[in-house]
file target-v9.cif (mmCIF, C-alpha atoms, pLDDT in the B column; chains and numbers go by the auth columns)
data_work
loop_
_atom_site.group_PDB
_atom_site.id
_atom_site.type_symbol
_atom_site.label_atom_id
_atom_site.label_comp_id
_atom_site.label_asym_id
_atom_site.label_seq_id
_atom_site.Cartn_x
_atom_site.Cartn_y
_atom_site.Cartn_z
_atom_site.B_iso_or_equiv
_atom_site.auth_seq_id
_atom_site.auth_asym_id
ATOM 1 C CA MET A 1 -19.033 0.105 -14.725 77.00 6 A
ATOM 2 C CA GLN A 2 -17.864 1.730 -11.525 88.00 7 A
ATOM 3 C CA GLN A 3 -16.701 5.331 -11.398 90.00 8 A
ATOM 4 C CA LYS A 4 -13.182 4.332 -10.347 91.00 9 A
ATOM 5 C CA GLU A 5 -12.789 2.107 -13.395 93.00 10 A
ATOM 6 C CA GLN A 6 -14.117 4.854 -15.664 93.00 11 A
ATOM 7 C CA ASP A 7 -11.563 7.276 -14.263 93.00 12 A
ATOM 8 C CA ARG A 8 -8.773 4.776 -14.922 94.00 13 A
ATOM 9 C CA ILE A 9 -9.938 4.460 -18.540 94.00 14 A
ATOM 10 C CA VAL A 10 -9.959 8.248 -18.889 95.00 15 A
ATOM 11 C CA GLU A 11 -6.436 8.372 -17.455 94.00 16 A
ATOM 12 C CA ALA A 12 -5.274 5.739 -19.949 95.00 17 A
ATOM 13 C CA LEU A 13 -6.838 7.672 -22.828 95.00 18 A
ATOM 14 C CA LEU A 14 -5.091 10.851 -21.697 94.00 19 A
ATOM 15 C CA PHE A 15 -1.767 8.982 -21.708 92.00 20 A
ATOM 16 C CA ALA A 16 -2.385 7.511 -25.153 91.00 21 A
ATOM 17 C CA ASN A 17 -3.888 10.515 -26.948 89.00 22 A
ATOM 18 C CA PRO A 18 -1.259 12.894 -28.425 86.00 23 A
ATOM 19 C CA GLU A 19 -3.884 15.649 -28.701 89.00 24 A
ATOM 20 C CA PRO A 20 -6.265 17.094 -26.096 92.00 25 A
ATOM 21 C CA LEU A 21 -9.021 14.596 -25.219 94.00 26 A
ATOM 22 C CA THR A 22 -12.561 15.882 -25.715 94.00 27 A
ATOM 23 C CA GLN A 23 -15.935 14.750 -24.422 94.00 28 A
ATOM 24 C CA ALA A 24 -16.951 13.889 -27.983 93.00 29 A
ATOM 25 C CA GLN A 25 -14.005 11.503 -28.299 93.00 30 A
ATOM 26 C CA LEU A 26 -14.817 9.964 -24.929 94.00 31 A
ATOM 27 C CA ASN A 27 -18.418 9.387 -25.982 93.00 32 A
ATOM 28 C CA LYS A 28 -17.170 7.343 -28.962 92.00 33 A
ATOM 29 C CA VAL A 29 -14.952 5.184 -26.736 92.00 34 A
ATOM 30 C CA PHE A 30 -17.730 4.155 -24.349 91.00 35 A
ATOM 31 C CA ASP A 31 -20.580 2.061 -25.749 83.00 36 A
ATOM 32 C CA ASP A 32 -23.041 3.846 -23.494 80.00 37 A
ATOM 33 C CA ASP A 33 -23.163 5.961 -20.354 85.00 38 A
ATOM 34 C CA ALA A 34 -19.905 7.756 -21.043 90.00 39 A
ATOM 35 C CA PRO A 35 -18.660 9.554 -17.927 92.00 40 A
ATOM 36 C CA SER A 36 -18.339 13.319 -17.698 94.00 41 A
ATOM 37 C CA LEU A 37 -14.799 14.075 -18.829 95.00 42 A
ATOM 38 C CA LYS A 38 -14.673 17.228 -16.708 95.00 43 A
ATOM 39 C CA ASP A 39 -15.733 15.353 -13.561 96.00 44 A
ATOM 40 C CA SER A 40 -13.228 12.546 -14.208 96.00 45 A
ATOM 41 C CA VAL A 41 -10.444 15.063 -14.752 96.00 46 A
ATOM 42 C CA ASN A 42 -11.290 16.827 -11.490 96.00 47 A
ATOM 43 C CA ARG A 43 -11.118 13.539 -9.580 96.00 48 A
ATOM 44 C CA LEU A 44 -7.888 12.498 -11.300 96.00 49 A
ATOM 45 C CA ASN A 45 -6.230 15.854 -10.644 95.00 50 A
ATOM 46 C CA LYS A 46 -7.211 15.616 -6.990 96.00 51 A
ATOM 47 C CA PHE A 47 -5.630 12.151 -6.818 95.00 52 A
ATOM 48 C CA LEU A 48 -2.460 13.376 -8.584 94.00 53 A
ATOM 49 C CA SER A 49 -2.189 16.330 -6.201 94.00 54 A
ATOM 50 C CA ILE A 50 -2.675 14.219 -3.070 95.00 55 A
ATOM 51 C CA HIS A 51 0.009 11.777 -4.214 94.00 56 A
ATOM 52 C CA ASP A 52 2.349 14.577 -5.390 93.00 57 A
ATOM 53 C CA ARG A 53 2.764 13.191 -8.913 93.00 58 A
ATOM 54 C CA ALA A 54 5.034 14.854 -11.458 93.00 59 A
ATOM 55 C CA TYR A 55 2.204 15.446 -13.919 92.00 60 A
ATOM 56 C CA GLU A 56 -1.268 16.969 -14.048 95.00 61 A
ATOM 57 C CA ILE A 57 -4.210 17.348 -16.408 95.00 62 A
ATOM 58 C CA ILE A 58 -4.851 20.763 -17.906 93.00 63 A
ATOM 59 C CA SER A 59 -7.636 22.232 -20.026 92.00 64 A
ATOM 60 C CA VAL A 60 -6.324 23.202 -23.448 90.00 65 A
ATOM 61 C CA ALA A 61 -7.756 23.765 -26.945 87.00 66 A
ATOM 62 C CA GLY A 62 -11.251 22.667 -25.937 89.00 67 A
ATOM 63 C CA GLY A 63 -10.138 19.396 -24.347 93.00 68 A
ATOM 64 C CA TYR A 64 -7.885 17.984 -21.639 95.00 69 A
ATOM 65 C CA GLN A 65 -4.260 16.940 -21.814 93.00 70 A
ATOM 66 C CA LEU A 66 -1.885 15.172 -19.462 91.00 71 A
ATOM 67 C CA VAL A 67 1.273 17.257 -19.002 91.00 72 A
ATOM 68 C CA THR A 68 4.320 17.234 -16.756 90.00 73 A
ATOM 69 C CA ARG A 69 4.505 19.932 -14.105 90.00 74 A
ATOM 70 C CA SER A 70 6.519 22.991 -15.043 86.00 75 A
ATOM 71 C CA GLU A 71 9.167 22.433 -12.365 91.00 76 A
ATOM 72 C CA TYR A 72 10.374 19.315 -14.220 88.00 77 A
ATOM 73 C CA GLU A 73 10.727 21.017 -17.606 82.00 78 A
ATOM 74 C CA VAL A 74 14.506 21.439 -17.386 83.00 79 A
ATOM 75 C CA TRP A 75 15.041 17.721 -16.739 86.00 80 A
ATOM 76 C CA ILE A 76 12.808 16.687 -19.626 83.00 81 A
ATOM 77 C CA ARG A 77 14.647 19.052 -21.963 79.00 82 A
ATOM 78 C CA ARG A 78 17.945 17.465 -20.951 80.00 83 A
ATOM 79 C CA LEU A 79 16.570 14.017 -21.749 81.00 84 A
ATOM 80 C CA LEU A 80 15.081 15.004 -25.097 73.00 85 A
ATOM 81 C CA ASN A 81 17.839 17.500 -25.893 70.00 86 A
ATOM 82 C CA LYS A 82 15.249 19.947 -27.141 64.00 87 A
ATOM 83 C CA SER A 83 14.460 23.515 -26.212 57.00 88 A
ATOM 84 C CA GLY A 84 10.722 22.846 -26.387 55.00 89 A
ATOM 85 C CA ARG A 85 10.267 26.331 -27.785 61.00 90 A
ATOM 86 C CA LEU A 86 8.362 27.360 -30.852 65.00 91 A
ATOM 87 C CA ASN A 87 10.887 29.418 -32.796 77.00 92 A
ATOM 88 C CA LEU A 88 9.251 32.269 -34.677 83.00 93 A
ATOM 89 C CA SER A 89 10.741 35.511 -35.948 85.00 94 A
ATOM 90 C CA SER A 90 9.584 38.781 -34.421 86.00 95 A
ATOM 91 C CA ALA A 91 7.796 39.535 -37.708 89.00 96 A
ATOM 92 C CA ALA A 92 5.901 36.229 -37.538 90.00 97 A
ATOM 93 C CA LEU A 93 4.997 36.849 -33.889 89.00 98 A
ATOM 94 C CA ASP A 94 3.742 40.346 -34.790 90.00 99 A
ATOM 95 C CA ALA A 95 1.509 38.960 -37.525 92.00 100 A
ATOM 96 C CA LEU A 96 0.319 36.088 -35.348 93.00 101 A
ATOM 97 C CA ALA A 97 -0.643 38.461 -32.530 91.00 102 A
ATOM 98 C CA ILE A 98 -2.582 40.678 -34.936 92.00 103 A
ATOM 99 C CA ILE A 99 -4.461 37.706 -36.383 94.00 104 A
ATOM 100 C CA ALA A 100 -5.172 36.255 -32.937 92.00 105 A
ATOM 101 C CA TYR A 101 -6.781 39.472 -31.702 91.00 106 A
ATOM 102 C CA LYS A 102 -8.483 40.672 -34.876 91.00 107 A
ATOM 103 C CA GLN A 103 -9.501 37.445 -36.633 92.00 108 A
ATOM 104 C CA PRO A 104 -10.784 36.805 -39.157 93.00 109 A
ATOM 105 C CA ILE A 105 -8.532 39.284 -40.925 93.00 110 A
ATOM 106 C CA GLY A 106 -7.116 39.683 -44.424 92.00 111 A
ATOM 107 C CA ARG A 107 -3.491 40.033 -45.449 91.00 112 A
ATOM 108 C CA TYR A 108 -3.867 43.676 -46.474 90.00 113 A
ATOM 109 C CA ASP A 109 -5.285 44.577 -43.059 91.00 114 A
ATOM 110 C CA VAL A 110 -2.348 42.817 -41.380 92.00 115 A
ATOM 111 C CA GLU A 111 0.037 44.749 -43.627 91.00 116 A
ATOM 112 C CA ALA A 112 -1.777 48.037 -42.926 91.00 117 A
ATOM 113 C CA ILE A 113 -1.121 47.536 -39.204 90.00 118 A
ATOM 114 C CA ARG A 114 2.445 46.274 -39.559 89.00 119 A
ATOM 115 C CA GLY A 115 3.404 48.681 -42.343 88.00 120 A
ATOM 116 C CA VAL A 116 5.304 46.022 -44.309 90.00 121 A
ATOM 117 C CA ASP A 117 4.598 43.158 -46.695 89.00 122 A
ATOM 118 C CA SER A 118 3.409 40.134 -44.716 90.00 123 A
ATOM 119 C CA SER A 119 2.924 37.468 -47.364 89.00 124 A
ATOM 120 C CA GLY A 120 6.074 35.622 -46.259 89.00 125 A
ATOM 121 C CA VAL A 121 5.240 35.497 -42.555 91.00 126 A
ATOM 122 C CA LEU A 122 1.654 34.438 -43.298 93.00 127 A
ATOM 123 C CA LYS A 123 2.988 31.557 -45.368 92.00 128 A
ATOM 124 C CA THR A 124 5.283 30.603 -42.469 90.00 129 A
ATOM 125 C CA LEU A 125 2.405 30.668 -39.980 94.00 130 A
ATOM 126 C CA ILE A 126 0.260 28.509 -42.269 94.00 131 A
ATOM 127 C CA THR A 127 3.128 26.048 -42.729 90.00 132 A
ATOM 128 C CA ARG A 128 3.556 25.828 -38.954 89.00 133 A
ATOM 129 C CA GLY A 129 -0.168 25.139 -38.619 91.00 134 A
ATOM 130 C CA LEU A 130 -0.741 28.182 -36.404 94.00 135 A
ATOM 131 C CA ILE A 131 -3.185 29.934 -38.751 94.00 136 A
ATOM 132 C CA LYS A 132 -5.507 28.783 -41.500 94.00 137 A
ATOM 133 C CA ILE A 133 -7.703 30.286 -44.198 93.00 138 A
ATOM 134 C CA LYS A 134 -11.140 31.083 -42.818 91.00 139 A
ATOM 135 C CA GLY A 135 -12.762 32.102 -46.098 90.00 140 A
ATOM 136 C CA ARG A 136 -12.966 35.232 -48.217 90.00 141 A
ATOM 137 C CA ASP A 137 -13.898 38.796 -47.411 87.00 142 A
ATOM 138 C CA SER A 138 -16.943 40.272 -49.158 85.00 143 A
ATOM 139 C CA GLY A 139 -14.986 43.383 -50.177 80.00 144 A
ATOM 140 C CA PRO A 140 -13.301 44.205 -53.506 83.00 145 A
ATOM 141 C CA GLY A 141 -11.196 41.344 -54.806 80.00 146 A
ATOM 142 C CA ARG A 142 -12.594 39.083 -52.076 87.00 147 A
ATOM 143 C CA PRO A 143 -9.244 38.659 -50.272 89.00 148 A
ATOM 144 C CA LEU A 144 -8.551 35.584 -48.148 92.00 149 A
ATOM 145 C CA LEU A 145 -9.255 35.822 -44.427 94.00 150 A
ATOM 146 C CA TYR A 146 -7.066 34.187 -41.809 95.00 151 A
ATOM 147 C CA LYS A 147 -7.732 32.861 -38.308 95.00 152 A
ATOM 148 C CA THR A 148 -5.783 30.937 -35.688 95.00 153 A
ATOM 149 C CA THR A 149 -5.986 27.149 -35.362 94.00 154 A
ATOM 150 C CA LYS A 150 -6.379 24.604 -32.603 90.00 155 A
ATOM 151 C CA LYS A 151 -2.602 24.110 -32.797 88.00 156 A
ATOM 152 C CA PHE A 152 -2.187 27.788 -31.892 91.00 157 A
ATOM 153 C CA LEU A 153 -4.198 27.217 -28.703 90.00 158 A
ATOM 154 C CA GLU A 154 -2.168 24.104 -27.868 85.00 159 A
ATOM 155 C CA HIS A 155 1.206 25.814 -28.379 84.00 160 A
ATOM 156 C CA PHE A 156 0.301 28.759 -26.175 84.00 161 A
ATOM 157 C CA GLY A 157 -1.527 26.711 -23.533 82.00 162 A
ATOM 158 C CA LEU A 158 -4.900 28.317 -24.152 87.00 163 A
ATOM 159 C CA ASN A 159 -8.256 26.593 -23.829 85.00 164 A
ATOM 160 C CA ARG A 160 -10.067 29.207 -25.923 87.00 165 A
ATOM 161 C CA LEU A 161 -9.330 32.562 -27.541 89.00 166 A
ATOM 162 C CA SER A 162 -11.044 34.411 -24.695 86.00 167 A
ATOM 163 C CA ASP A 163 -8.211 33.218 -22.417 86.00 168 A
ATOM 164 C CA MET A 164 -5.850 35.674 -24.105 88.00 169 A
ATOM 165 C CA PRO A 165 -5.080 38.891 -22.194 84.00 170 A
ATOM 166 C CA LYS A 166 -7.766 41.553 -22.597 82.00 171 A
ATOM 167 C CA LEU A 167 -7.051 45.110 -23.736 68.00 172 A
ATOM 168 C CA LYS A 168 -7.532 46.362 -20.165 77.00 173 A
ATOM 169 C CA GLU A 169 -4.936 43.914 -18.857 78.00 174 A
ATOM 170 C CA ILE A 170 -2.460 44.941 -21.561 74.00 175 A
ATOM 171 C CA THR A 171 -3.024 48.604 -20.720 76.00 176 A
ATOM 172 C CA GLU A 172 -2.360 47.901 -17.033 77.00 177 A
ATOM 173 C CA LEU A 173 0.882 46.118 -17.930 74.00 178 A
ATOM 174 C CA ILE A 174 2.040 49.066 -20.020 73.00 179 A
ATOM 175 C CA GLU A 175 1.197 51.505 -17.230 77.00 180 A
ATOM 176 C CA ALA A 176 3.195 49.376 -14.784 76.00 181 A
ATOM 177 C CA ASP A 177 6.170 49.146 -17.164 71.00 182 A
ATOM 178 C CA PRO A 178 6.242 51.927 -19.819 67.00 183 A
ATOM 179 C CA THR A 179 8.961 50.119 -21.796 65.00 184 A
ATOM 180 C CA LEU A 180 6.353 47.547 -22.796 59.00 185 A
ATOM 181 C CA GLY A 181 4.478 50.250 -24.658 56.00 186 A
ATOM 182 C CA GLU A 182 6.921 50.099 -27.568 54.00 187 A
ATOM 183 C CA GLN A 183 6.203 46.384 -27.964 51.00 188 A
ATOM 184 C CA MET A 184 2.438 46.919 -27.941 53.00 189 A
ATOM 185 C CA THR A 185 2.215 49.775 -30.465 54.00 190 A
ATOM 186 C CA VAL A 186 1.281 47.230 -33.110 50.00 191 A
ATOM 187 C CA PHE A 187 -2.203 47.189 -31.581 50.00 192 A
ATOM 188 C CA HIS A 188 -2.707 50.943 -31.594 50.00 193 A
ATOM 189 C CA LYS A 189 -5.497 51.791 -34.010 45.00 194 A
ATOM 190 C CA PRO A 190 -4.724 54.181 -36.848 45.00 195 A
ATOM 191 C CA GLU A 191 -7.516 56.663 -37.425 40.00 196 A
ATOM 192 C CA THR A 192 -8.738 54.821 -40.509 40.00 197 A
ATOM 193 C CA GLY A 193 -7.447 51.334 -39.710 41.00 198 A
ATOM 194 C CA PRO A 194 -9.184 48.242 -38.376 40.00 199 A
ATOM 195 C CA GLN A 195 -10.588 48.322 -34.856 39.00 200 A
ATOM 196 C CA PHE A 196 -8.992 46.461 -31.956 39.00 201 A
ATOM 197 C CA ILE A 197 -11.402 43.904 -30.548 39.00 202 A
ATOM 198 C CA ASP A 198 -11.227 41.555 -27.642 42.00 203 A
ATOM 199 C CA PRO A 199 -11.145 37.867 -28.616 44.00 204 A
ATOM 200 C CA SER A 200 -14.227 35.721 -28.233 42.00 205 A
ATOM 201 C CA PRO A 201 -14.558 31.940 -27.989 41.00 206 A
ATOM 202 C CA GLU A 202 -14.591 30.035 -31.242 41.00 207 A
#
call {"tool": "encode", "arguments": {"input": "target-v9.cif", "output": "structure tokens"}}
result
Amino acid sequence: MQQKEQDRIVEALLFANPEPLTQAQLNKVFDDDAPSLKDSVNRLNKFLSIHDRAYEIISVAGGYQLVTRSEYEVWIRRLLNKSGRLNLSSAALDALAIIAYKQPIGRYDVEAIRGVDSSGVLKTLITRGLIKIKGRDSGPGRPLLYKTTKKFLEHFGLNRLSDMPKLKEITELIEADPTLGEQMTVFHKPETGPQFIDPSPE
């Protein structure tokens, strides 16, 4: 099979697959000699760019997905009559940010940072598929531990957790705009609380 035909098959799979396409999925589609998904995507993106198409292929959640370019978002929203936004309360966003940066983490640690009961927002985040139960802590009572999901990466356009802003970048943003500091105090470490850590790939 020629490379051009393989690329067309990859393009068709990207159109048909509602979730990010992975190399493992591609290997199952081809009987043998499956092409490199990364190489095919690079060639396809080059073709799309040269021909000024309204869509592109991006790396997200460990795979690749065909998406429309951001400049056409307003027109698509008008057609679908949807905001396209993930509506979460500020409390849910607080808890989600804490879990994303400090995972795996238990409910009581989340509550220690937030200072309020978080059982409700954790239930909301689980229902939305943004977090899941990772297991149990080895401490007293063996509380449940939570971590983010693949859906979390997809919703926020991340390929892996390490794509999230690092502590240094957040600090630089706060220094550039002091008003952001109030929004970021959730990550300030109490003397006896959990440590802030940079995310690492899953």
call {"tool": "resolve_selection", "arguments": {"input": "target-v9.cif", "expression": "the PyMOL selection byres ((chain A and resi 21-36) around 10)", "output": "PyMOL selection string"}}
result
chain A and resi 11+14-20+37-43+62-71+155-156+159+164
call {"tool": "residues_around", "arguments": {"input": "target-v9.cif", "residues": "A:Lys139", "least_positions_apart": "5", "cutoff": "7 Å", "atoms": "all atoms listed in the file", "output": "PyMOL selection string"}}
result
chain A and resi 109+150-152
call {"tool": "resolve_selection", "arguments": {"input": "target-v9.cif", "expression": "the PyMOL selection byres ((chain A and resi 112) around 9)", "output": "list in words"}}
result
Ile110, Gly111, Tyr113, Asp114, Val115, Glu116, Ala117, Asp122, Ser123, Ser124, Leu127, Pro148, Leu149, Leu150 and Tyr151 of chain A
call {"tool": "residues_around", "arguments": {"input": "target-v9.cif", "residues": "A:Thr154", "least_positions_apart": "5", "cutoff": "12 Å", "atoms": "only C-alpha atoms", "output": "list in words"}}
result
Ala66, Gly67, Leu101, Ile104, Ala105, Gln108, Pro109, Leu130, Ile131, Thr132, Arg133, Gly134, Leu135, Ile136, Lys137, Ile138, Lys139, Glu159, His160, Phe161, Leu163, Asn164, Arg165, Leu166 and Glu207 of chain A
call {"tool": "axis_aligned_box", "arguments": {"input": "target-v9.cif", "around": "stretch 125-142 of chain A", "padding_each_side": "6 Å", "output": "AutoDock Vina command-line options"}}
result
--center_x -3.9 --center_y 32.0 --center_z -42.3 --size_x 32.0 --size_y 25.7 --size_z 23.8
call {"tool": "resolve_selection", "arguments": {"input": "target-v9.cif", "expression": "the PyMOL selection byres ((chain A and resi 9) around 12)", "output": "PyMOL selection string"}}
result
chain A and resi 6-8+10-16+40+44-46+48-49+52
call {"tool": "closest_residue", "arguments": {"input": "target-v9.cif", "among": "A:Val121, A:Leu98, A:Ala59, A:Leu53", "to": "A:Ile81", "atoms": "all atoms listed in the file"}}
result
A:Ala59
call {"tool": "atom_distance", "arguments": {"input": "target-v9.cif", "atom1": "atom CA of A:Ser75", "atom2": "atom CA of A:Gly162"}}
result
12.3 Å
call {"tool": "atom_distance", "arguments": {"input": "target-v9.cif", "atom1": "atom CA of A:Thr129", "atom2": "atom CA of A:Ala97"}}
result
7.5 Å
call {"tool": "atom_distance", "arguments": {"input": "target-v9.cif", "atom1": "atom CA of A:Ile103", "atom2": "atom CA of A:Lys171"}}
result
13.4 Å
call {"tool": "closest_residue", "arguments": {"input": "target-v9.cif", "among": "A:Thr153, A:Arg83, A:Tyr60, A:Asp182", "to": "A:Ala102", "atoms": "all atoms listed in the file"}}
result
A:Thr153
call {"tool": "build_atoms", "arguments": {"input": "target-v9.cif", "residues": "stretch 8-39 of chain A", "atoms": "N, CA and C atoms", "output": "PDB file, in the frame of the given file"}}
result
ATOM      1  N   GLN A   8     -17.326   4.042 -11.129  1.00 90.00           N
ATOM      2  CA  GLN A   8     -16.701   5.331 -11.398  1.00 90.00           C
ATOM      3  C   GLN A   8     -15.182   5.230 -11.387  1.00 90.00           C
ATOM      4  N   LYS A   9     -14.633   4.463 -10.463  1.00 91.00           N
ATOM      5  CA  LYS A   9     -13.182   4.332 -10.347  1.00 91.00           C
ATOM      6  C   LYS A   9     -12.594   3.734 -11.620  1.00 91.00           C
ATOM      7  N   GLU A  10     -13.267   2.736 -12.168  1.00 93.00           N
ATOM      8  CA  GLU A  10     -12.789   2.107 -13.395  1.00 93.00           C
ATOM      9  C   GLU A  10     -12.887   3.070 -14.572  1.00 93.00           C
ATOM     10  N   GLN A  11     -13.965   3.850 -14.608  1.00 93.00           N
ATOM     11  CA  GLN A  11     -14.117   4.854 -15.664  1.00 93.00           C
ATOM     12  C   GLN A  11     -12.989   5.867 -15.616  1.00 93.00           C
ATOM     13  N   ASP A  12     -12.646   6.295 -14.408  1.00 93.00           N
ATOM     14  CA  ASP A  12     -11.563   7.276 -14.263  1.00 93.00           C
ATOM     15  C   ASP A  12     -10.237   6.695 -14.734  1.00 93.00           C
ATOM     16  N   ARG A  13     -10.020   5.412 -14.470  1.00 94.00           N
ATOM     17  CA  ARG A  13      -8.773   4.776 -14.922  1.00 94.00           C
ATOM     18  C   ARG A  13      -8.731   4.719 -16.449  1.00 94.00           C
ATOM     19  N   ILE A  14      -9.883   4.471 -17.079  1.00 94.00           N
ATOM     20  CA  ILE A  14      -9.938   4.460 -18.540  1.00 94.00           C
ATOM     21  C   ILE A  14      -9.639   5.844 -19.083  1.00 94.00           C
ATOM     22  N   VAL A  15     -10.221   6.864 -18.465  1.00 95.00           N
ATOM     23  CA  VAL A  15      -9.959   8.248 -18.889  1.00 95.00           C
ATOM     24  C   VAL A  15      -8.477   8.563 -18.752  1.00 95.00           C
ATOM     25  N   GLU A  16      -7.871   8.133 -17.662  1.00 94.00           N
ATOM     26  CA  GLU A  16      -6.436   8.372 -17.455  1.00 94.00           C
ATOM     27  C   GLU A  16      -5.617   7.685 -18.540  1.00 94.00           C
ATOM     28  N   ALA A  17      -5.983   6.469 -18.896  1.00 95.00           N
ATOM     29  CA  ALA A  17      -5.274   5.739 -19.949  1.00 95.00           C
ATOM     30  C   ALA A  17      -5.416   6.442 -21.292  1.00 95.00           C
ATOM     31  N   LEU A  18      -6.612   6.955 -21.570  1.00 95.00           N
ATOM     32  CA  LEU A  18      -6.838   7.672 -22.828  1.00 95.00           C
ATOM     33  C   LEU A  18      -6.010   8.953 -22.882  1.00 95.00           C
ATOM     34  N   LEU A  19      -5.893   9.626 -21.749  1.00 94.00           N
ATOM     35  CA  LEU A  19      -5.091  10.851 -21.697  1.00 94.00           C
ATOM     36  C   LEU A  19      -3.615  10.536 -21.959  1.00 94.00           C
ATOM     37  N   PHE A  20      -3.143   9.401 -21.452  1.00 92.00           N
ATOM     38  CA  PHE A  20      -1.767   8.982 -21.708  1.00 92.00           C
ATOM     39  C   PHE A  20      -1.558   8.676 -23.191  1.00 92.00           C
ATOM     40  N   ALA A  21      -2.545   8.010 -23.791  1.00 91.00           N
ATOM     41  CA  ALA A  21      -2.385   7.511 -25.153  1.00 91.00           C
ATOM     42  C   ALA A  21      -2.635   8.556 -26.223  1.00 91.00           C
ATOM     43  N   ASN A  22      -3.479   9.540 -25.934  1.00 89.00           N
ATOM     44  CA  ASN A  22      -3.888  10.515 -26.948  1.00 89.00           C
ATOM     45  C   ASN A  22      -2.858  11.633 -27.081  1.00 89.00           C
ATOM     46  N   PRO A  23      -2.256  11.830 -28.261  1.00 86.00           N
ATOM     47  CA  PRO A  23      -1.259  12.894 -28.425  1.00 86.00           C
ATOM     48  C   PRO A  23      -1.871  14.286 -28.455  1.00 86.00           C
ATOM     49  N   GLU A  24      -3.195  14.368 -28.663  1.00 89.00           N
ATOM     50  CA  GLU A  24      -3.884  15.649 -28.701  1.00 89.00           C
ATOM     51  C   GLU A  24      -4.843  15.747 -27.516  1.00 89.00           C
ATOM     52  N   PRO A  25      -5.319  16.945 -27.206  1.00 92.00           N
ATOM     53  CA  PRO A  25      -6.265  17.094 -26.096  1.00 92.00           C
ATOM     54  C   PRO A  25      -7.486  16.193 -26.274  1.00 92.00           C
ATOM     55  N   LEU A  26      -7.870  15.504 -25.206  1.00 94.00           N
ATOM     56  CA  LEU A  26      -9.021  14.596 -25.219  1.00 94.00           C
ATOM     57  C   LEU A  26     -10.298  15.395 -24.994  1.00 94.00           C
ATOM     58  N   THR A  27     -11.302  15.154 -25.828  1.00 94.00           N
ATOM     59  CA  THR A  27     -12.561  15.882 -25.715  1.00 94.00           C
ATOM     60  C   THR A  27     -13.680  14.947 -25.269  1.00 94.00           C
ATOM     61  N   GLN A  28     -14.777  15.543 -24.823  1.00 94.00           N
ATOM     62  CA  GLN A  28     -15.935  14.750 -24.422  1.00 94.00           C
ATOM     63  C   GLN A  28     -16.495  13.971 -25.611  1.00 94.00           C
ATOM     64  N   ALA A  29     -16.453  14.573 -26.788  1.00 93.00           N
ATOM     65  CA  ALA A  29     -16.951  13.889 -27.983  1.00 93.00           C
ATOM     66  C   ALA A  29     -16.155  12.625 -28.274  1.00 93.00           C
ATOM     67  N   GLN A  30     -14.836  12.688 -28.107  1.00 93.00           N
ATOM     68  CA  GLN A  30     -14.005  11.503 -28.299  1.00 93.00           C
ATOM     69  C   GLN A  30     -14.313  10.448 -27.252  1.00 93.00           C
ATOM     70  N   LEU A  31     -14.519  10.897 -26.019  1.00 94.00           N
ATOM     71  CA  LEU A  31     -14.817   9.964 -24.929  1.00 94.00           C
ATOM     72  C   LEU A  31     -16.145   9.249 -25.176  1.00 94.00           C
ATOM     73  N   ASN A  32     -17.113   9.978 -25.695  1.00 93.00           N
ATOM     74  CA  ASN A  32     -18.418   9.387 -25.982  1.00 93.00           C
ATOM     75  C   ASN A  32     -18.307   8.258 -27.003  1.00 93.00           C
ATOM     76  N   LYS A  33     -17.354   8.380 -27.939  1.00 92.00           N
ATOM     77  CA  LYS A  33     -17.170   7.343 -28.962  1.00 92.00           C
ATOM     78  C   LYS A  33     -16.488   6.101 -28.390  1.00 92.00           C
ATOM     79  N   VAL A  34     -15.687   6.292 -27.336  1.00 92.00           N
ATOM     80  CA  VAL A  34     -14.952   5.184 -26.736  1.00 92.00           C
ATOM     81  C   VAL A  34     -15.881   4.284 -25.923  1.00 92.00           C
ATOM     82  N   PHE A  35     -16.803   4.914 -25.183  1.00 91.00           N
ATOM     83  CA  PHE A  35     -17.730   4.155 -24.349  1.00 91.00           C
ATOM     84  C   PHE A  35     -18.968   3.770 -25.167  1.00 91.00           C
ATOM     85  N   ASP A  36     -19.390   2.529 -25.025  1.00 83.00           N
ATOM     86  CA  ASP A  36     -20.580   2.061 -25.749  1.00 83.00           C
ATOM     87  C   ASP A  36     -21.820   2.833 -25.326  1.00 83.00           C
ATOM     88  N   ASP A  37     -21.931   3.058 -24.025  1.00 80.00           N
ATOM     89  CA  ASP A  37     -23.041   3.846 -23.494  1.00 80.00           C
ATOM     90  C   ASP A  37     -22.648   4.401 -22.134  1.00 80.00           C
ATOM     91  N   ASP A  38     -23.414   5.353 -21.670  1.00 85.00           N
ATOM     92  CA  ASP A  38     -23.163   5.961 -20.354  1.00 85.00           C
ATOM     93  C   ASP A  38     -21.724   6.441 -20.190  1.00 85.00           C
ATOM     94  N   ALA A  39     -21.254   7.195 -21.161  1.00 90.00           N
ATOM     95  CA  ALA A  39     -19.905   7.756 -21.043  1.00 90.00           C
ATOM     96  C   ALA A  39     -19.850   8.706 -19.854  1.00 90.00           C
TER      97      ALA A  39
END
